[in-house]
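This report refers to the structure that appears directly beneath it.
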Amino acid sequence: MKAKTLSEVKGGYLWGILSGMTWGLDTVLIGIIMSAVPFTTSMTLIATGTFVCSFFHDGFAAMWMTLLLVVKKKIYYLIPKLKTRDGFFCILGALLGGPIGMSFYMLAIKNAGPAYTATITSCYPALGVALAFVFLKERMPLRGWFGLILCIFGVIWLSYEPSETSVSSTLYVGILCAIISAFGWALESVVCAYGMKSGDVDPEMALTIRELASFVTYGSLVVPVFCGTYEGVVDVVISNSLFWLLLTAFVGVFSYLAWYKAIDTIGASRGVSFNVTYSFWAIVFSMLFIGGEFSLKLILCCLMIIGGVVLAVGRPSEALNENKN
C-alpha cells in the first residue's frame, strides 16, 4: 500500500469501485457479443469462442494501452521495462490471471458446469488476501476478514444456479480446474502488486505489459491448442463483432487499469475486495441492457456484497492508520 494521505486512500477506493463497476459492464458486453453472429453461427466459435474472444479482448486492450503510452510519451520506456525484474513479475502476473486463470475457468465450466465453477472461483479474493498477507505482509483486521467472507458468500449465492443434470464423470477434473483458476486470479493481484512495489513500473506500464503478454500467449499457445485452428479468428475479423470487441476492450482495459491503480495505492487485499463486486454490477447492467426483474434474492445478495466490502476495506482513515503502523 503506497497511499500516504487520506486523499490518496480515498482515490484508491474510488479506483477500486470503478474497477468492479466497469468489469461488470465488460462481462455483460462480452456476453452480448458472444450471443450474436458469428459466435452463434460458426461451428468453430460455438465450441471455442471464449478463447477467441479473450484473444481479441486482450489484443485490443494491449492496443489501447500502447496508444495511451504513446500519448503520454512513455512508450520509449516499454522495452527497457520488459527486461527488468519488475517487468518480469508483471508478465508472470499476466500469465497467471489471463491465459492460465481464464483458460482453466473455461475448462472448469466445461467439465463441472457453471454452478460449481462460479462457487469455487468466487473465493479468489480470500485467496488473494491470504497470499498478500504471506508474500506482501499486508494485514487485514478480523473485521476485514469477516467482511470479505460475507462478500464472497453474497457472490456465491448470487451466481449459483444448481444444475438439474446428473453428476458428470469429469466433475472432479472440473473442480480441480476451478481451483487452479481461482489461484491464478488471486496470484495475479499479488504478483503484479509485487512488481509495482518499488515504483519502477507504474500501473499504466504494468497493465500494458500484462495485456501484451496475455495477447501473445493467447495467439501463440492458447488458440492453437484449444481451438486447433485460426478459423474462428478469421470469422471474427470479417464480422461486425470486431468493432464491438474493440469498444468492449476499451471498457475492459479501463477496468484493469482502475484495478491496478487500486492495488498500487491501497494494496492487493483491499483491491480484490472492491474488484469482486463485479458480479453485482454485472447483474445491474444486465437488467439495464438485456432486461430482468428484481428479486428478493438479488436484493439480499447485493446487501451482503456491499456490506461485506464496507467491512473489508474499512474507512479511509483506518486504512491510513494501518499503513502507518
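Chain labels follow the order of the C-alpha cells: the first chain is A, the next B, and so on; residue numbering restarts at 1 in every chain, and ligands are counted from 1 in their shown order.
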Within 12 Å of region 258-271 of chain A: each region 142-250 of chain A residue with its shortest pair, only C-alpha atoms, as JSON lines:
{"residue": "A:Gly144", "atom": "CA", "partner": "A:Arg270", "partner_atom": "CA", "distance": 9.2}
{"residue": "A:Trp145", "atom": "CA", "partner": "A:Ser269", "partner_atom": "CA", "distance": 10.0}
{"residue": "A:Gly147", "atom": "CA", "partner": "A:Arg270", "partner_atom": "CA", "distance": 11.1}
{"residue": "A:Leu148", "atom": "CA", "partner": "A:Arg270", "partner_atom": "CA", "distance": 9.5}
{"residue": "A:Trp185", "atom": "CA", "partner": "A:Ala268", "partner_atom": "CA", "distance": 11.7}
{"residue": "A:Ala186", "atom": "CA", "partner": "A:Ala268", "partner_atom": "CA", "distance": 9.3}
{"residue": "A:Leu187", "atom": "CA", "partner": "A:Ala268", "partner_atom": "CA", "distance": 10.0}
{"residue": "A:Glu188", "atom": "CA", "partner": "A:Ala268", "partner_atom": "CA", "distance": 9.7}
{"residue": "A:Ser189", "atom": "CA", "partner": "A:Ala268", "partner_atom": "CA", "distance": 5.9}
{"residue": "A:Val190", "atom": "CA", "partner": "A:Ala268", "partner_atom": "CA", "distance": 6.1}
{"residue": "A:Val191", "atom": "CA", "partner": "A:Ala268", "partner_atom": "CA", "distance": 9.4}
{"residue": "A:Cys192", "atom": "CA", "partner": "A:Tyr260", "partner_atom": "CA", "distance": 8.0}
{"residue": "A:Ala193", "atom": "CA", "partner": "A:Asp264", "partner_atom": "CA", "distance": 6.2}
{"residue": "A:Tyr194", "atom": "CA", "partner": "A:Asp264", "partner_atom": "CA", "distance": 9.1}
{"residue": "A:Gly195", "atom": "CA", "partner": "A:Asp264", "partner_atom": "CA", "distance": 9.7}
{"residue": "A:Met196", "atom": "CA", "partner": "A:Asp264", "partner_atom": "CA", "distance": 6.7}
{"residue": "A:Lys197", "atom": "CA", "partner": "A:Asp264", "partner_atom": "CA", "distance": 7.3}
{"residue": "A:Ser198", "atom": "CA", "partner": "A:Asp264", "partner_atom": "CA", "distance": 10.2}
{"residue": "A:Gly199", "atom": "CA", "partner": "A:Asp264", "partner_atom": "CA", "distance": 9.0}
{"residue": "A:Asp200", "atom": "CA", "partner": "A:Asp264", "partner_atom": "CA", "distance": 11.9}
{"residue": "A:Val201", "atom": "CA", "partner": "A:Asp264", "partner_atom": "CA", "distance": 10.4}
{"residue": "A:Asp202", "atom": "CA", "partner": "A:Asp264", "partner_atom": "CA", "distance": 8.2}
{"residue": "A:Pro203", "atom": "CA", "partner": "A:Tyr260", "partner_atom": "CA", "distance": 5.5}
{"residue": "A:Glu204", "atom": "CA", "partner": "A:Tyr260", "partner_atom": "CA", "distance": 8.1}
{"residue": "A:Met205", "atom": "CA", "partner": "A:Tyr260", "partner_atom": "CA", "distance": 10.2}
{"residue": "A:Ala206", "atom": "CA", "partner": "A:Tyr260", "partner_atom": "CA", "distance": 8.1}
{"residue": "A:Leu207", "atom": "CA", "partner": "A:Tyr260", "partner_atom": "CA", "distance": 7.3}
{"residue": "A:Thr208", "atom": "CA", "partner": "A:Tyr260", "partner_atom": "CA", "distance": 11.0}
{"residue": "A:Arg210", "atom": "CA", "partner": "A:Tyr260", "partner_atom": "CA", "distance": 10.6}
| field | Contacts of Ala282 (chain A) within 7 Å, only C-alpha atoms, excl. fewer than 5 positions in-chain, as an MDAnalysis selection string | value | chainID A and resid 24:25 27:28
Could the residues in this selection be written to a file with N, CA and C atoms, as a short mmCIF file (atom, residue, chain, number, x, y, z; two decimals), in the first residue's frame?
data_model
loop_
_atom_site.label_atom_id
_atom_site.label_comp_id
_atom_site.auth_asym_id
_atom_site.auth_seq_id
_atom_site.Cartn_x
_atom_site.Cartn_y
_atom_site.Cartn_z
N GLY A 24 -17.93 -5.42 -14.42
CA GLY A 24 -19.29 -5.94 -14.55
C GLY A 24 -19.88 -5.56 -15.89
N LEU A 25 -19.65 -4.31 -16.32
CA LEU A 25 -20.12 -3.87 -17.63
C LEU A 25 -19.43 -4.64 -18.75
N THR A 27 -18.23 -7.64 -18.61
CA THR A 27 -18.76 -9.00 -18.61
C THR A 27 -20.07 -9.09 -19.38
N VAL A 28 -20.94 -8.10 -19.15
CA VAL A 28 -22.24 -8.08 -19.84
C VAL A 28 -22.05 -7.87 -21.34
#
| query | Cys302 (chain A): which residues within 10 Å, counting only C-alpha atoms, same-chain residues fewer than 5 positions away excluded, as a PyMOL selection string? | reply | chain A and resi 151+154-155+158+277+279-281+283-284+296-297+307-308
| request: Please identify all polymer residues within 7 Å of region 170-182 of chain A, counting only C-alpha atoms, omitting same-chain residues fewer than 4 positions from it, and present them as an MDAnalysis selection string. | output: chainID A and resid 100:102 104:105 107:109 111:112 117 120:121 123:124 186
| request: With a distance cut-off of 12 Å and only C-alpha atoms, select the neighbouring residues of Ile33 (chain A), excluding the residue or stretch itself and same-chain residues fewer than 4 positions from it, and output the selection as a list in words. | output: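 Within the cut-off, the hits are Asp26, Thr27, Val28, Leu29, Val37, Pro38, Phe39, Thr40, Leu45, Gly49, Thr50, Cys53, Ser54, His57, Val236, Ser239, Asn240, Ser241, Leu242, Phe243, Trp244, Leu245, Leu246, Leu247, Thr248 and Ala249 of chain A.
You will find CA of Leu150 (chain A) at 9.1 Å from CA of Ala312 (chain A).
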Taking the DSSP secondary structure from the backbone, can you list the residues of region 112-220 of chain A that are alpha helix (DSSP H), as a tab-separated table (two decimals) with N, CA, C and O atoms, in the first residue's frame?
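Saved as result-v7.tsv:
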chain	number	residue	atom	x	y	z
A	112	ALA	N	-17.27	-29.24	-15.08
A	112	ALA	CA	-18.04	-29.27	-13.84
A	112	ALA	C	-19.32	-28.45	-13.90
A	112	ALA	O	-20.15	-28.55	-13.01
A	113	GLY	N	-19.47	-27.64	-14.94
A	113	GLY	CA	-20.65	-26.81	-15.06
A	113	GLY	C	-20.46	-25.45	-14.41
A	113	GLY	O	-19.56	-25.26	-13.58
A	114	PRO	N	-21.30	-24.46	-14.75
A	114	PRO	CA	-21.15	-23.10	-14.25
A	114	PRO	C	-21.38	-22.95	-12.75
A	114	PRO	O	-20.80	-22.08	-12.11
A	115	ALA	N	-22.25	-23.79	-12.16
A	115	ALA	CA	-22.57	-23.65	-10.74
A	115	ALA	C	-21.35	-23.91	-9.86
A	115	ALA	O	-20.97	-23.08	-9.03
A	116	TYR	N	-20.73	-25.08	-10.04
A	116	TYR	CA	-19.52	-25.39	-9.26
A	116	TYR	C	-18.40	-24.40	-9.56
A	116	TYR	O	-17.69	-23.95	-8.66
A	117	THR	N	-18.26	-24.05	-10.82
A	117	THR	CA	-17.18	-23.14	-11.22
A	117	THR	C	-17.33	-21.77	-10.58
A	117	THR	O	-16.38	-21.21	-10.03
A	118	ALA	N	-18.54	-21.21	-10.65
A	118	ALA	CA	-18.79	-19.89	-10.08
A	118	ALA	C	-18.57	-19.90	-8.57
A	118	ALA	O	-17.99	-18.97	-8.00
A	119	THR	N	-19.01	-20.97	-7.92
A	119	THR	CA	-18.87	-21.06	-6.47
A	119	THR	C	-17.40	-21.10	-6.05
A	119	THR	O	-16.98	-20.39	-5.13
A	120	ILE	N	-16.62	-21.93	-6.70
A	120	ILE	CA	-15.21	-22.09	-6.33
A	120	ILE	C	-14.38	-20.85	-6.67
A	120	ILE	O	-13.62	-20.35	-5.85
A	121	THR	N	-14.54	-20.34	-7.89
A	121	THR	CA	-13.72	-19.21	-8.32
A	121	THR	C	-14.11	-17.92	-7.61
A	121	THR	O	-13.30	-16.99	-7.54
A	124	TYR	N	-11.72	-16.43	-4.93
A	124	TYR	CA	-10.37	-15.94	-5.23
A	124	TYR	C	-9.97	-14.71	-4.40
A	124	TYR	O	-8.78	-14.56	-4.08
A	125	PRO	N	-10.92	-13.81	-4.01
A	125	PRO	CA	-10.47	-12.68	-3.18
A	125	PRO	C	-9.88	-13.11	-1.84
A	125	PRO	O	-8.89	-12.54	-1.37
A	126	ALA	N	-10.50	-14.13	-1.21
A	126	ALA	CA	-9.96	-14.61	0.06
A	126	ALA	C	-8.57	-15.20	-0.12
A	126	ALA	O	-7.67	-14.98	0.71
A	127	LEU	N	-8.38	-15.92	-1.21
A	127	LEU	CA	-7.05	-16.44	-1.52
A	127	LEU	C	-6.06	-15.29	-1.75
A	127	LEU	O	-4.92	-15.35	-1.30
A	128	GLY	N	-6.53	-14.26	-2.46
A	128	GLY	CA	-5.67	-13.10	-2.72
A	128	GLY	C	-5.24	-12.41	-1.44
A	128	GLY	O	-4.08	-12.02	-1.29
A	129	VAL	N	-6.19	-12.24	-0.52
A	129	VAL	CA	-5.87	-11.60	0.76
A	129	VAL	C	-4.87	-12.44	1.56
A	129	VAL	O	-3.91	-11.93	2.14
A	130	ALA	N	-5.11	-13.76	1.57
A	130	ALA	CA	-4.20	-14.66	2.30
A	130	ALA	C	-2.81	-14.64	1.70
A	130	ALA	O	-1.79	-14.58	2.42
A	131	LEU	N	-2.72	-14.66	0.38
A	131	LEU	CA	-1.42	-14.62	-0.29
A	131	LEU	C	-0.72	-13.27	-0.10
A	131	LEU	O	0.50	-13.21	0.03
A	132	ALA	N	-1.53	-12.20	-0.07
A	132	ALA	CA	-0.95	-10.88	0.16
A	132	ALA	C	-0.38	-10.79	1.58
A	132	ALA	O	0.65	-10.14	1.81
A	133	PHE	N	-1.03	-11.45	2.52
A	133	PHE	CA	-0.53	-11.48	3.91
A	133	PHE	C	0.79	-12.23	3.98
A	133	PHE	O	1.74	-11.80	4.66
A	134	VAL	N	0.90	-13.34	3.25
A	134	VAL	CA	2.10	-14.17	3.29
A	134	VAL	C	3.27	-13.51	2.56
A	134	VAL	O	4.38	-13.42	3.09
A	135	PHE	N	3.02	-13.04	1.33
A	135	PHE	CA	4.12	-12.57	0.48
A	135	PHE	C	4.36	-11.05	0.55
A	135	PHE	O	5.50	-10.61	0.39
A	142	LEU	N	-9.60	-8.53	11.85
A	142	LEU	CA	-10.62	-9.58	11.90
A	142	LEU	C	-11.93	-9.11	11.26
A	142	LEU	O	-12.60	-9.87	10.56
A	143	ARG	N	-12.25	-7.83	11.48
A	143	ARG	CA	-13.46	-7.27	10.87
A	143	ARG	C	-13.38	-7.34	9.34
A	143	ARG	O	-14.37	-7.62	8.66
A	144	GLY	N	-12.20	-7.10	8.81
A	144	GLY	CA	-12.00	-7.15	7.37
A	144	GLY	C	-12.20	-8.55	6.80
A	144	GLY	O	-12.80	-8.73	5.74
A	145	TRP	N	-11.68	-9.54	7.54
A	145	TRP	CA	-11.86	-10.93	7.11
A	145	TRP	C	-13.33	-11.33	7.12
A	145	TRP	O	-13.82	-11.99	6.20
A	146	PHE	N	-14.05	-10.89	8.16
A	146	PHE	CA	-15.48	-11.18	8.23
A	146	PHE	C	-16.22	-10.54	7.06
A	146	PHE	O	-17.09	-11.16	6.44
A	147	GLY	N	-15.86	-9.29	6.74
A	147	GLY	CA	-16.49	-8.60	5.63
A	147	GLY	C	-16.21	-9.28	4.30
A	147	GLY	O	-17.11	-9.41	3.45
A	148	LEU	N	-14.97	-9.72	4.12
A	148	LEU	CA	-14.60	-10.39	2.87
A	148	LEU	C	-15.37	-11.70	2.71
A	148	LEU	O	-15.87	-12.01	1.62
A	149	ILE	N	-15.47	-12.48	3.80
A	149	ILE	CA	-16.20	-13.74	3.75
A	149	ILE	C	-17.68	-13.49	3.47
A	149	ILE	O	-18.31	-14.21	2.68
A	150	LEU	N	-18.25	-12.45	4.08
A	150	LEU	CA	-19.64	-12.09	3.83
A	150	LEU	C	-19.85	-11.73	2.37
A	150	LEU	O	-20.83	-12.15	1.73
A	151	CYS	N	-18.91	-10.96	1.82
A	151	CYS	CA	-18.98	-10.56	0.42
A	151	CYS	C	-18.92	-11.78	-0.49
A	151	CYS	O	-19.69	-11.89	-1.46
A	152	ILE	N	-18.01	-12.70	-0.21
A	152	ILE	CA	-17.86	-13.91	-1.03
A	152	ILE	C	-19.11	-14.77	-0.99
A	152	ILE	O	-19.57	-15.29	-2.02
A	153	PHE	N	-19.71	-14.91	0.19
A	153	PHE	CA	-20.96	-15.67	0.30
A	153	PHE	C	-22.06	-15.02	-0.53
A	153	PHE	O	-22.87	-15.71	-1.16
A	154	GLY	N	-22.09	-13.68	-0.53
A	154	GLY	CA	-23.07	-12.98	-1.35
A	154	GLY	C	-22.87	-13.25	-2.83
A	154	GLY	O	-23.83	-13.46	-3.58
A	155	VAL	N	-21.59	-13.26	-3.26
A	155	VAL	CA	-21.27	-13.53	-4.66
A	155	VAL	C	-21.65	-14.96	-5.03
A	155	VAL	O	-22.22	-15.22	-6.09
A	156	ILE	N	-21.32	-15.91	-4.15
A	156	ILE	CA	-21.63	-17.32	-4.42
A	156	ILE	C	-23.14	-17.53	-4.54
A	156	ILE	O	-23.63	-18.18	-5.47
A	157	TRP	N	-23.88	-16.95	-3.61
A	157	TRP	CA	-25.34	-17.10	-3.62
A	157	TRP	C	-25.93	-16.44	-4.87
A	157	TRP	O	-26.85	-16.97	-5.49
A	158	LEU	N	-25.37	-15.29	-5.24
A	158	LEU	CA	-25.88	-14.58	-6.41
A	158	LEU	C	-25.64	-15.34	-7.70
A	158	LEU	O	-26.49	-15.38	-8.59
A	159	SER	N	-24.47	-15.98	-7.82
A	159	SER	CA	-24.08	-16.61	-9.08
A	159	SER	C	-24.45	-18.09	-9.16
A	159	SER	O	-24.44	-18.67	-10.25
A	171	LEU	N	-16.52	-34.36	-13.22
A	171	LEU	CA	-16.78	-33.33	-12.21
A	171	LEU	C	-15.51	-32.94	-11.45
A	171	LEU	O	-15.21	-31.75	-11.29
A	172	TYR	N	-14.76	-33.94	-10.99
A	172	TYR	CA	-13.60	-33.65	-10.17
A	172	TYR	C	-12.49	-32.98	-10.97
A	172	TYR	O	-11.72	-32.18	-10.44
A	173	VAL	N	-12.41	-33.30	-12.25
A	173	VAL	CA	-11.48	-32.60	-13.13
A	173	VAL	C	-11.86	-31.13	-13.22
A	173	VAL	O	-11.02	-30.23	-13.15
A	174	GLY	N	-13.17	-30.88	-13.36
A	174	GLY	CA	-13.65	-29.51	-13.43
A	174	GLY	C	-13.40	-28.75	-12.14
A	174	GLY	O	-13.03	-27.57	-12.17
A	175	ILE	N	-13.61	-29.39	-11.01
A	175	ILE	CA	-13.36	-28.74	-9.72
A	175	ILE	C	-11.89	-28.38	-9.57
A	175	ILE	O	-11.54	-27.29	-9.10
A	176	LEU	N	-11.00	-29.30	-9.99
A	176	LEU	CA	-9.57	-29.02	-9.94
A	176	LEU	C	-9.23	-27.83	-10.83
A	176	LEU	O	-8.44	-26.95	-10.43
A	177	CYS	N	-9.82	-27.76	-12.02
A	177	CYS	CA	-9.58	-26.64	-12.93
A	177	CYS	C	-10.07	-25.33	-12.32
A	177	CYS	O	-9.42	-24.29	-12.45
A	178	ALA	N	-11.20	-25.37	-11.62
A	178	ALA	CA	-11.74	-24.18	-10.98
A	178	ALA	C	-10.82	-23.70	-9.86
A	178	ALA	O	-10.62	-22.48	-9.67
A	179	ILE	N	-10.26	-24.64	-9.12
A	179	ILE	CA	-9.32	-24.28	-8.04
A	179	ILE	C	-8.07	-23.61	-8.63
A	179	ILE	O	-7.58	-22.60	-8.11
A	180	ILE	N	-7.56	-24.17	-9.72
A	180	ILE	CA	-6.38	-23.59	-10.38
A	180	ILE	C	-6.71	-22.20	-10.89
A	180	ILE	O	-5.89	-21.26	-10.77
A	181	SER	N	-7.89	-22.02	-11.44
A	181	SER	CA	-8.32	-20.71	-11.93
A	181	SER	C	-8.37	-19.70	-10.80
A	181	SER	O	-7.88	-18.57	-10.94
A	182	ALA	N	-8.95	-20.08	-9.68
A	182	ALA	CA	-9.04	-19.17	-8.53
A	182	ALA	C	-7.66	-18.77	-8.03
A	182	ALA	O	-7.41	-17.60	-7.72
A	183	PHE	N	-6.74	-19.74	-7.96
A	183	PHE	CA	-5.38	-19.42	-7.54
A	183	PHE	C	-4.69	-18.51	-8.56
A	183	PHE	O	-3.92	-17.62	-8.19
A	184	GLY	N	-4.96	-18.74	-9.85
A	184	GLY	CA	-4.37	-17.89	-10.88
A	184	GLY	C	-4.78	-16.45	-10.74
A	184	GLY	O	-3.95	-15.53	-10.78
A	185	TRP	N	-6.07	-16.22	-10.53
A	185	TRP	CA	-6.57	-14.84	-10.36
A	185	TRP	C	-6.07	-14.21	-9.07
A	185	TRP	O	-5.75	-13.02	-9.03
A	186	ALA	N	-6.01	-15.02	-8.00
A	186	ALA	CA	-5.53	-14.50	-6.73
A	186	ALA	C	-4.05	-14.12	-6.82
A	186	ALA	O	-3.62	-13.07	-6.33
A	187	LEU	N	-3.28	-15.00	-7.45
A	187	LEU	CA	-1.84	-14.75	-7.58
A	187	LEU	C	-1.55	-13.55	-8.48
A	187	LEU	O	-0.56	-12.84	-8.28
A	188	GLU	N	-2.42	-13.32	-9.47
A	188	GLU	CA	-2.19	-12.18	-10.37
A	188	GLU	C	-2.12	-10.87	-9.59
A	188	GLU	O	-1.21	-10.05	-9.80
A	189	SER	N	-3.07	-10.66	-8.68
A	189	SER	CA	-3.09	-9.41	-7.91
A	189	SER	C	-1.85	-9.26	-7.04
A	189	SER	O	-1.27	-8.18	-6.94
A	190	VAL	N	-1.43	-10.37	-6.43
A	190	VAL	CA	-0.28	-10.33	-5.53
A	190	VAL	C	1.03	-10.13	-6.31
A	190	VAL	O	1.87	-9.31	-5.95
A	191	VAL	N	1.19	-10.90	-7.39
A	191	VAL	CA	2.42	-10.82	-8.19
A	191	VAL	C	2.55	-9.44	-8.85
A	191	VAL	O	3.64	-8.85	-8.85
A	192	CYS	N	1.45	-8.92	-9.38
A	192	CYS	CA	1.51	-7.60	-10.01
A	192	CYS	C	1.75	-6.50	-8.97
A	192	CYS	O	2.45	-5.52	-9.25
A	193	ALA	N	1.16	-6.66	-7.79
A	193	ALA	CA	1.42	-5.69	-6.72
A	193	ALA	C	2.89	-5.70	-6.34
A	193	ALA	O	3.50	-4.65	-6.10
A	194	TYR	N	3.48	-6.88	-6.31
A	194	TYR	CA	4.92	-7.00	-6.02
A	194	TYR	C	5.75	-6.35	-7.12
A	194	TYR	O	6.75	-5.69	-6.86
A	195	GLY	N	5.30	-6.52	-8.38
A	195	GLY	CA	6.01	-5.92	-9.50
A	195	GLY	C	5.97	-4.41	-9.49
A	195	GLY	O	6.89	-3.75	-9.99
A	196	MET	N	4.90	-3.83	-8.92
A	196	MET	CA	4.77	-2.37	-8.87
A	196	MET	C	5.26	-1.79	-7.54
A	196	MET	O	5.24	-0.57	-7.35
A	203	PRO	N	1.33	1.60	-12.66
A	203	PRO	CA	0.19	0.79	-13.10
A	203	PRO	C	-0.05	0.80	-14.60
A	203	PRO	O	-0.43	-0.23	-15.18
A	204	GLU	N	0.16	1.94	-15.26
A	204	GLU	CA	-0.07	2.02	-16.71
A	204	GLU	C	0.93	1.14	-17.47
A	204	GLU	O	0.56	0.41	-18.39
A	205	MET	N	2.18	1.20	-17.07
A	205	MET	CA	3.20	0.39	-17.71
A	205	MET	C	2.98	-1.10	-17.39
A	205	MET	O	3.12	-1.96	-18.27
A	206	ALA	N	2.61	-1.38	-16.15
A	206	ALA	CA	2.37	-2.76	-15.74
A	206	ALA	C	1.20	-3.37	-16.52
A	206	ALA	O	1.27	-4.53	-16.95
A	207	LEU	N	0.15	-2.58	-16.71
A	207	LEU	CA	-1.01	-3.10	-17.44
A	207	LEU	C	-0.70	-3.31	-18.91
A	207	LEU	O	-1.17	-4.29	-19.52
A	208	THR	N	0.09	-2.43	-19.50
A	208	THR	CA	0.49	-2.61	-20.90
A	208	THR	C	1.28	-3.90	-21.06
A	208	THR	O	1.03	-4.69	-21.99
A	209	ILE	N	2.20	-4.14	-20.15
A	209	ILE	CA	2.99	-5.38	-20.17
A	209	ILE	C	2.06	-6.58	-20.00
A	209	ILE	O	2.19	-7.60	-20.69
A	210	ARG	N	1.11	-6.46	-19.09
A	210	ARG	CA	0.17	-7.55	-18.82
A	210	ARG	C	-0.64	-7.91	-20.07
A	210	ARG	O	-0.78	-9.08	-20.43
A	211	GLU	N	-1.22	-6.91	-20.71
A	211	GLU	CA	-2.07	-7.17	-21.87
A	211	GLU	C	-1.27	-7.70	-23.06
A	211	GLU	O	-1.73	-8.59	-23.79
A	212	LEU	N	-0.08	-7.16	-23.27
A	212	LEU	CA	0.77	-7.65	-24.37
A	212	LEU	C	1.16	-9.10	-24.15
A	212	LEU	O	1.10	-9.93	-25.07
A	213	ALA	N	1.56	-9.43	-22.92
A	213	ALA	CA	1.98	-10.80	-22.61
A	213	ALA	C	0.81	-11.77	-22.76
A	213	ALA	O	0.96	-12.87	-23.31
A	214	SER	N	-0.37	-11.36	-22.30
A	214	SER	CA	-1.55	-12.21	-22.40
A	214	SER	C	-1.96	-12.41	-23.86
A	214	SER	O	-2.28	-13.52	-24.29
A	215	PHE	N	-1.94	-11.33	-24.64
A	215	PHE	CA	-2.31	-11.39	-26.06
A	215	PHE	C	-1.39	-12.33	-26.84
A	215	PHE	O	-1.84	-13.18	-27.62
A	216	VAL	N	-0.09	-12.20	-26.62
A	216	VAL	CA	0.88	-13.04	-27.32
A	216	VAL	C	0.70	-14.50	-26.93
A	216	VAL	O	0.76	-15.41	-27.79
A	217	THR	N	0.44	-14.76	-25.65
A	217	THR	CA	0.25	-16.13	-25.19
A	217	THR	C	-1.02	-16.75	-25.77
A	217	THR	O	-1.02	-17.92	-26.18
| task | Record the distance separating CA of Leu82 (chain A) and CA of Ser103 (chain A), expressed in Å with one decimal. | result |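 Between these atoms lies a distance of 24.1 Å.
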| field | Contacts of region 227-234 of chain A within 7 Å, only C-alpha atoms, excl. fewer than 5 positions in-chain, as a PyMOL selection string | value | chain A and resi 44-45+48+52
| query | Rounded to one decimal in Å, what is the spacing between CA of Leu69 (chain A) and CA of Phe254 (chain A)? | reply |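 That distance, rounded to one decimal, is 13.8 Å.
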